[in-house]
file structure_25.pdb (PDB, C-alpha atoms)
ATOM      1  CA  MET A  25     -99.093-103.978-102.111
ATOM      2  CA  ARG A  26    -101.692-105.558-104.394
ATOM      3  CA  GLN A  27     -99.322-108.461-105.261
ATOM      4  CA  PHE A  28     -98.546-108.916-101.562
ATOM      5  CA  ARG A  29    -102.273-109.204-100.769
ATOM      6  CA  ARG A  30    -102.681-111.681-103.619
ATOM      7  CA  GLY A  31     -99.804-113.706-102.166
ATOM      8  CA  LEU A  32    -101.487-113.800 -98.761
ATOM      9  CA  LEU A  33    -104.754-114.863-100.405
ATOM     10  CA  TRP A  34    -103.007-117.765-102.135
ATOM     11  CA  ILE A  35    -101.352-118.826 -98.896
ATOM     12  CA  GLY A  36    -104.706-118.761 -97.119
ATOM     13  CA  LEU A  37    -106.379-120.691 -99.927
ATOM     14  CA  ALA A  38    -103.660-123.337-100.016
ATOM     15  CA  TRP A  39    -103.834-123.679 -96.251
ATOM     16  CA  ALA A  40    -107.598-124.129 -96.304
ATOM     17  CA  LEU A  41    -107.507-126.565 -99.202
ATOM     18  CA  ALA A  42    -104.798-128.632 -97.554
ATOM     19  CA  GLY A  43    -107.052-129.287 -94.580
ATOM     20  CA  CYS A  44    -105.825-126.392 -92.428
ATOM     21  CA  VAL A  45    -102.626-128.257 -91.670
ATOM     22  CA  GLY A  46    -100.606-125.025 -91.823
ATOM     23  CA  PHE A  47     -97.021-124.285 -92.673
ATOM     24  CA  THR A  48     -94.086-125.880 -90.952
ATOM     25  CA  LEU A  49     -90.396-125.263 -91.511
ATOM     26  CA  ALA A  50     -88.204-127.290 -93.834
ATOM     27  CA  LYS A  51     -84.920-126.626 -92.065
ATOM     28  CA  LYS A  52     -81.607-126.109 -93.770
ATOM     29  CA  GLY A  53     -79.581-129.307 -93.939
ATOM     30  CA  GLU A  54     -82.317-131.571 -92.528
ATOM     31  CA  PRO A  55     -83.685-134.267 -94.881
ATOM     32  CA  VAL A  56     -87.420-134.150 -95.625
ATOM     33  CA  GLU A  57     -89.319-137.285 -96.660
ATOM     34  CA  ILE A  58     -92.211-136.957 -99.089
ATOM     35  CA  ALA A  59     -94.867-139.674 -98.981
ATOM     36  CA  SER A  60     -92.165-142.038 -97.611
ATOM     37  CA  LYS A  61     -90.946-142.364-101.215
ATOM     38  CA  ILE A  62     -88.398-139.635-101.831
ATOM     39  CA  ALA A  63     -86.157-137.516 -99.619
ATOM     40  CA  ILE A  64     -84.753-134.048-100.244
ATOM     41  CA  THR A  65     -82.502-131.743 -98.225
ATOM     42  CA  PRO A  66     -82.897-127.941 -98.446
ATOM     43  CA  GLY A  67     -79.864-125.677 -98.484
ATOM     44  CA  ARG A  68     -81.722-123.046 -96.452
ATOM     45  CA  ASP A  69     -84.981-122.760 -94.509
ATOM     46  CA  TRP A  70     -88.209-122.901 -96.550
ATOM     47  CA  ASN A  71     -91.843-122.643 -95.467
ATOM     48  CA  ARG A  72     -93.388-126.065 -96.021
ATOM     49  CA  LEU A  73     -96.989-127.077 -96.696
ATOM     50  CA  SER A  74     -97.593-130.833 -96.782
ATOM     51  CA  SER A  75    -100.662-132.694 -97.971
ATOM     52  CA  GLY A  76    -100.433-136.424 -98.625
ATOM     53  CA  ASP A  77     -98.019-137.186-101.442
ATOM     54  CA  VAL A  78     -97.519-133.502-102.335
ATOM     55  CA  GLU A  79     -95.236-130.924-100.699
ATOM     56  CA  ILE A  80     -95.240-127.232-101.550
ATOM     57  CA  TRP A  81     -92.475-124.937-100.297
ATOM     58  CA  THR A  82     -92.159-121.160-100.535
ATOM     59  CA  LEU A  83     -89.966-118.325 -99.340
ATOM     60  CA  ASP A  84     -92.171-115.311-100.058
ATOM     61  CA  GLY A  85     -95.673-116.705-100.689
ATOM     62  CA  LEU A  86     -97.129-119.392-102.927
ATOM     63  CA  HIS A  87     -98.253-116.904-105.563
ATOM     64  CA  LEU A  88     -94.769-115.411-105.832
ATOM     65  CA  GLN A  89     -92.599-118.540-105.868
ATOM     66  CA  GLN A  90     -92.888-122.170-104.902
ATOM     67  CA  MET A  91     -91.255-125.555-105.125
ATOM     68  CA  ALA A  92     -93.649-128.472-105.417
ATOM     69  CA  PHE A  93     -92.768-132.131-105.041
ATOM     70  CA  VAL A  94     -95.029-134.934-106.250
ATOM     71  CA  GLY A  95     -94.294-138.174-104.400
ATOM     72  CA  GLY A  96     -95.522-140.622-107.013
ATOM     73  CA  ILE A  97     -98.874-140.492-108.808
ATOM     74  CA  GLY A  98    -100.284-143.591-110.400
ATOM     75  CA  ASP A  99    -102.045-144.475-113.627
ATOM     76  CA  GLY A 100    -105.238-142.442-114.039
ATOM     77  CA  GLU A 101    -104.378-139.828-111.386
ATOM     78  CA  PRO A 102    -104.146-136.074-112.078
ATOM     79  CA  LEU A 103    -100.823-134.265-111.787
ATOM     80  CA  PHE A 104    -102.386-131.473-109.755
ATOM     81  CA  ALA A 105    -104.951-132.851-107.304
ATOM     82  CA  SER A 106    -108.419-131.333-107.057
ATOM     83  CA  ARG A 107    -107.328-129.283-104.026
ATOM     84  CA  ILE A 108    -105.631-126.960-106.512
ATOM     85  CA  GLN A 109    -108.111-124.553-108.091
ATOM     86  CA  PRO A 110    -109.284-125.939-111.460
ATOM     87  CA  GLY A 111    -110.173-123.865-114.483
ATOM     88  CA  PRO A 112    -113.676-123.479-115.908
ATOM     89  CA  THR A 113    -115.468-126.683-116.766
ATOM     90  CA  SER A 114    -118.343-127.718-119.009
ATOM     91  CA  ASP A 115    -120.736-130.636-119.183
ATOM     92  CA  ALA A 116    -118.346-132.298-121.635
ATOM     93  CA  ASP A 117    -115.378-131.869-119.277
ATOM     94  CA  ASP A 118    -113.614-135.153-118.512
ATOM     95  CA  GLY A 119    -111.997-133.723-115.409
ATOM     96  CA  PRO A 120    -108.339-132.839-114.927
ATOM     97  CA  PRO A 121    -105.730-134.320-117.269
ATOM     98  CA  LYS A 122    -104.404-137.601-115.909
ATOM     99  CA  PHE A 123    -101.102-139.418-115.917
ATOM    100  CA  ARG A 124    -101.055-142.701-117.833
ATOM    101  CA  LYS A 125     -98.373-145.327-117.337
ATOM    102  CA  GLY A 126     -96.152-145.632-120.378
ATOM    103  CA  MET A 127     -96.174-141.879-121.069
ATOM    104  CA  THR A 128     -93.039-140.482-122.675
ATOM    105  CA  ALA A 129     -91.233-137.379-121.403
ATOM    106  CA  LEU A 130     -92.887-135.370-124.192
ATOM    107  CA  GLU A 131     -96.335-136.628-123.185
ATOM    108  CA  ILE A 132     -95.648-135.761-119.533
ATOM    109  CA  ALA A 133     -94.632-132.231-120.594
ATOM    110  CA  GLU A 134     -97.939-132.007-122.490
ATOM    111  CA  LEU A 135     -99.780-133.288-119.395
ATOM    112  CA  PHE A 136     -98.072-130.569-117.355
ATOM    113  CA  GLU A 137     -99.068-127.916-119.899
ATOM    114  CA  ALA A 138    -102.695-129.086-119.921
ATOM    115  CA  SER A 139    -102.727-129.130-116.109
ATOM    116  CA  LEU A 140    -101.456-125.544-115.985
ATOM    117  CA  ALA A 141    -104.098-124.487-118.507
ATOM    118  CA  ARG A 142    -106.755-125.962-116.247
ATOM    119  CA  GLN A 143    -105.457-123.622-113.527
ATOM    120  CA  GLN A 144    -106.292-120.772-115.931
ATOM    121  CA  ALA A 145    -102.671-120.158-116.914
ATOM    122  CA  GLN A 146    -102.310-118.392-120.254
ATOM    123  CA  ARG A 147     -99.652-118.226-122.974
ATOM    124  CA  ILE A 148     -97.970-121.406-121.684
ATOM    125  CA  ALA A 149     -94.685-122.318-123.356
ATOM    126  CA  ILE A 150     -92.621-125.463-122.716
ATOM    127  CA  ALA A 151     -88.944-125.353-123.720
ATOM    128  CA  ALA A 152     -85.638-127.204-123.402
ATOM    129  CA  LEU A 153     -87.179-130.653-122.885
ATOM    130  CA  GLN A 154     -84.339-133.083-122.296
ATOM    131  CA  LEU A 155     -83.487-136.393-120.712
ATOM    132  CA  ALA A 156     -81.820-135.980-117.315
ATOM    133  CA  ARG A 157     -81.138-137.913-114.117
ATOM    134  CA  PHE A 158     -83.706-137.542-111.339
ATOM    135  CA  GLY A 159     -82.716-138.943-107.973
ATOM    136  CA  GLY A 160     -80.228-141.203-109.727
ATOM    137  CA  ARG A 161     -82.911-142.586-112.057
ATOM    138  CA  PRO A 162     -83.417-141.923-115.781
ATOM    139  CA  GLY A 163     -85.738-138.958-116.043
ATOM    140  CA  PHE A 164     -86.408-135.675-117.812
ATOM    141  CA  GLY A 165     -86.466-131.928-117.314
ATOM    142  CA  PHE A 166     -87.945-128.886-119.051
ATOM    143  CA  ASP A 167     -88.380-125.139-118.659
ATOM    144  CA  PHE A 168     -91.720-123.369-118.857
ATOM    145  CA  THR A 169     -93.270-119.919-118.834
ATOM    146  CA  TYR A 170     -96.849-118.710-118.522
ATOM    147  CA  VAL A 171     -98.968-115.755-117.499
ATOM    148  CA  THR A 172    -101.438-116.019-114.624
ATOM    149  CA  LYS A 173    -105.060-114.974-115.081
ATOM    150  CA  ASP A 174    -104.095-111.800-113.157
ATOM    151  CA  GLY A 175    -101.353-110.984-115.683
ATOM    152  CA  LEU A 176     -98.300-111.995-113.607
ATOM    153  CA  GLU A 177     -95.489-113.401-115.780
ATOM    154  CA  MET A 178     -94.162-116.665-114.385
ATOM    155  CA  LYS A 179     -91.251-118.902-115.287
ATOM    156  CA  GLY A 180     -90.186-122.265-114.007
ATOM    157  CA  ARG A 181     -88.336-125.535-114.261
ATOM    158  CA  ALA A 182     -89.711-129.043-113.868
ATOM    159  CA  ALA A 183     -87.933-132.364-113.518
ATOM    160  CA  GLY A 184     -89.137-135.868-112.927
ATOM    161  CA  ALA A 185     -89.029-139.581-113.592
ATOM    162  CA  VAL A 186     -91.389-142.498-113.951
ATOM    163  CA  VAL A 187     -90.396-145.242-111.531
ATOM    164  CA  GLU A 188     -92.377-148.482-111.328
ATOM    165  CA  ASP A 189     -95.225-146.871-113.326
ATOM    166  CA  ARG A 190     -95.527-143.918-110.918
ATOM    167  CA  LEU A 191     -94.686-140.311-111.798
ATOM    168  CA  TYR A 192     -92.410-138.335-109.491
ATOM    169  CA  MET A 193     -91.823-134.634-110.141
ATOM    170  CA  ALA A 194     -90.162-131.576-108.690
ATOM    171  CA  ILE A 195     -91.477-128.260-109.999
ATOM    172  CA  TYR A 196     -90.172-124.775-109.322
ATOM    173  CA  ARG A 197     -91.990-121.641-110.449
ATOM    174  CA  GLY A 198     -91.876-117.988-109.582
ATOM    175  CA  ALA A 199     -92.713-114.508-110.769
ATOM    176  CA  ARG A 200     -90.296-113.666-113.570
ATOM    177  CA  LEU A 201     -89.245-110.421-111.867
ATOM    178  CA  HIS A 202     -87.106-111.042-108.764
ATOM    179  CA  PHE A 203     -88.934-113.978-107.146
ATOM    180  CA  TYR A 204     -87.956-116.701-109.644
ATOM    181  CA  ASP A 205     -84.265-115.859-109.292
ATOM    182  CA  ARG A 206     -84.500-115.782-105.498
ATOM    183  CA  GLY A 207     -85.112-119.533-105.279
ATOM    184  CA  ALA A 208     -83.791-120.954-108.566
ATOM    185  CA  ASP A 209     -80.379-121.966-107.178
ATOM    186  CA  ASP A 210     -82.106-123.596-104.198
ATOM    187  CA  PHE A 211     -84.190-125.700-106.572
ATOM    188  CA  HIS A 212     -81.106-127.013-108.353
ATOM    189  CA  GLN A 213     -79.457-127.772-105.005
ATOM    190  CA  VAL A 214     -82.559-129.611-103.747
ATOM    191  CA  LEU A 215     -82.756-131.596-106.991
ATOM    192  CA  GLY A 216     -79.154-132.631-106.475
ATOM    193  CA  SER A 217     -80.045-133.912-102.995
ATOM    194  CA  LEU A 218     -83.131-135.867-104.091
ATOM    195  CA  ARG A 219     -83.046-139.616-103.542
ATOM    196  CA  PHE A 220     -85.542-142.444-103.651
ATOM    197  CA  LEU A 221     -86.218-144.301-100.410
TER     198      LEU A 221
END
call {"tool": "encode", "arguments": {"input": "structure_25.pdb", "output": "structure tokens"}}
result
Amino acid sequence: MRQFRRGLLWIGLAWALAGCVGFTLAKKGEPVEIASKIAITPGRDWNRLSSGDVEIWTLDGLHLQQMAFVGGIGDGEPLFASRIQPGPTSDADDGPPKFRKGMTALEIAELFEASLARQQAQRIAIAALQLARFGGRPGFGFDFTYVTKDGLEMKGRAAGAVVEDRLYMAIYRGARLHFYDRGADDFHQVLGSLRFL
């Protein structure tokens, strides 16, 4: 029950931070455009939260599992926008880690790790970094695990590509027990449907 309440809290927070837009439905088999730059087609219905060039989808609640799609961030922009809760800061804090054009796949994985740490994730591990196709373009993929500040063990998969000096990513993460597995096959199917517009 406690995890369910936490999930509802995260949904409410995401809704408020996204400008109270609210969830809509990403319907099975119907293409969804993100920031007019990429299109994906879900294999089943997902709850969809859209805010600018970022989409977040969930089946059971954002704290339990989610797919996130970044529709192209430019040089000097953070991977996770300020609407996502940052970690503690200090006077010497330079703000959230930022994407820089010319970054390698390894540097983008490090950017992702630093961005998660800013969200107060702990014991972050990046694994299986490899080159892979992303929407028909040369890209990369990697696995990751971490523990939330509340002690929930999470695992995930990220994929992306840099196209015309902009970073595009698809990220799937979920609670290691049950919730990750519930949407993992969907993530691979959606990745297979992804195309650039």
call {"tool": "atom_distance", "arguments": {"input": "structure_25.pdb", "atom1": "CA of Ile150 in chain A", "atom2": "CA of Glu177 in chain A"}}
result
14.2 Å
call {"tool": "residues_around", "arguments": {"input": "structure_25.pdb", "residues": "Ile80 in chain A", "least_positions_apart": "2", "cutoff": "10 Å", "atoms": "all atoms listed in the file", "output": "PyMOL selection string"}}
result
chain A and resi 38+47+70-75+78+82+86+90-94+194-196
call {"tool": "closest_residue", "arguments": {"input": "structure_25.pdb", "among": "A:Phe104, A:Phe164, A:Phe123, A:Phe158", "to": "Leu140 in chain A", "atoms": "all atoms listed in the file"}}
result
A:Phe104
call {"tool": "closest_residue", "arguments": {"input": "structure_25.pdb", "among": "A:Gly46, A:Gly119, A:Gly100, A:Gly165", "to": "Leu153 in chain A", "atoms": "only C-alpha atoms"}}
result
A:Gly165
call {"tool": "resolve_selection", "arguments": {"input": "structure_25.pdb", "expression": "the PyMOL selection byres ((chain A and resi 139) around 12)", "output": "PyMOL selection string"}}
result
chain A and resi 101-106+108-111+119-123+132-138+140-146+148
call {"tool": "atom_distance", "arguments": {"input": "structure_25.pdb", "atom1": "CA of Ile97 in chain A", "atom2": "CA of Glu79 in chain A"}}
result
13.1 Å
call {"tool": "residues_around", "arguments": {"input": "structure_25.pdb", "residues": "range 198-202 of chain A", "least_positions_apart": "3", "cutoff": "7 Å", "atoms": "all atoms listed in the file", "output": "count of residues only"}}
result
10
call {"tool": "resolve_selection", "arguments": {"input": "structure_25.pdb", "expression": "the PyMOL selection byres ((chain A and resi 63) around 6)", "output": "PyMOL selection string"}}
result
chain A and resi 56-57+62+64+218-219
call {"tool": "atom_distance", "arguments": {"input": "structure_25.pdb", "atom1": "CA of Ser217 in chain A", "atom2": "CA of Ala59 in chain A"}}
result
16.4 Å
call {"tool": "closest_residue", "arguments": {"input": "structure_25.pdb", "among": "A:His212, A:Met193, A:Tyr204, A:His87", "to": "Lys173 in chain A", "atoms": "all atoms listed in the file"}}
result
A:His87
call {"tool": "closest_residue", "arguments": {"input": "structure_25.pdb", "among": "A:Gly98, A:Pro55, A:Gly184, A:Gly159", "to": "Thr128 in chain A", "atoms": "only C-alpha atoms"}}
result
A:Gly184
call {"tool": "axis_aligned_box", "arguments": {"input": "structure_25.pdb", "around": "range 53-63 of chain A", "padding_each_side": "6 Å", "output": "lines of an AutoDock Vina configuration file"}}
result
center_x = -87.2
center_y = -135.8
center_z = -97.2
size_x = 27.3
size_y = 25.1
size_z = 21.3
call {"tool": "resolve_selection", "arguments": {"input": "structure_25.pdb", "expression": "the PyMOL selection byres ((chain A and resi 156) around 12)", "output": "NGL selection string"}}
result
:A and (129 or 152-155 or 157-166 or 182-185 or 215-216)
call {"tool": "write_last_selection", "arguments": {"input": "structure_25.pdb", "atoms": "C-alpha atoms", "output": "short mmCIF file (atom, residue, chain, number, x, y, z; two decimals), keeping the file's coordinate frame"}}
result
data_model
loop_
_atom_site.label_atom_id
_atom_site.label_comp_id
_atom_site.auth_asym_id
_atom_site.auth_seq_id
_atom_site.Cartn_x
_atom_site.Cartn_y
_atom_site.Cartn_z
CA ALA A 129 -91.23 -137.38 -121.40
CA ALA A 152 -85.64 -127.20 -123.40
CA LEU A 153 -87.18 -130.65 -122.88
CA GLN A 154 -84.34 -133.08 -122.30
CA LEU A 155 -83.49 -136.39 -120.71
CA ARG A 157 -81.14 -137.91 -114.12
CA PHE A 158 -83.71 -137.54 -111.34
CA GLY A 159 -82.72 -138.94 -107.97
CA GLY A 160 -80.23 -141.20 -109.73
CA ARG A 161 -82.91 -142.59 -112.06
CA PRO A 162 -83.42 -141.92 -115.78
CA GLY A 163 -85.74 -138.96 -116.04
CA PHE A 164 -86.41 -135.68 -117.81
CA GLY A 165 -86.47 -131.93 -117.31
CA PHE A 166 -87.94 -128.89 -119.05
CA ALA A 182 -89.71 -129.04 -113.87
CA ALA A 183 -87.93 -132.36 -113.52
CA GLY A 184 -89.14 -135.87 -112.93
CA ALA A 185 -89.03 -139.58 -113.59
CA LEU A 215 -82.76 -131.60 -106.99
CA GLY A 216 -79.15 -132.63 -106.48
#
call {"tool": "closest_residue", "arguments": {"input": "structure_25.pdb", "among": "A:Asp167, A:Asp189, A:Asp174, A:Asp209", "to": "Gly126 in chain A", "atoms": "all atoms listed in the file"}}
result
A:Asp189
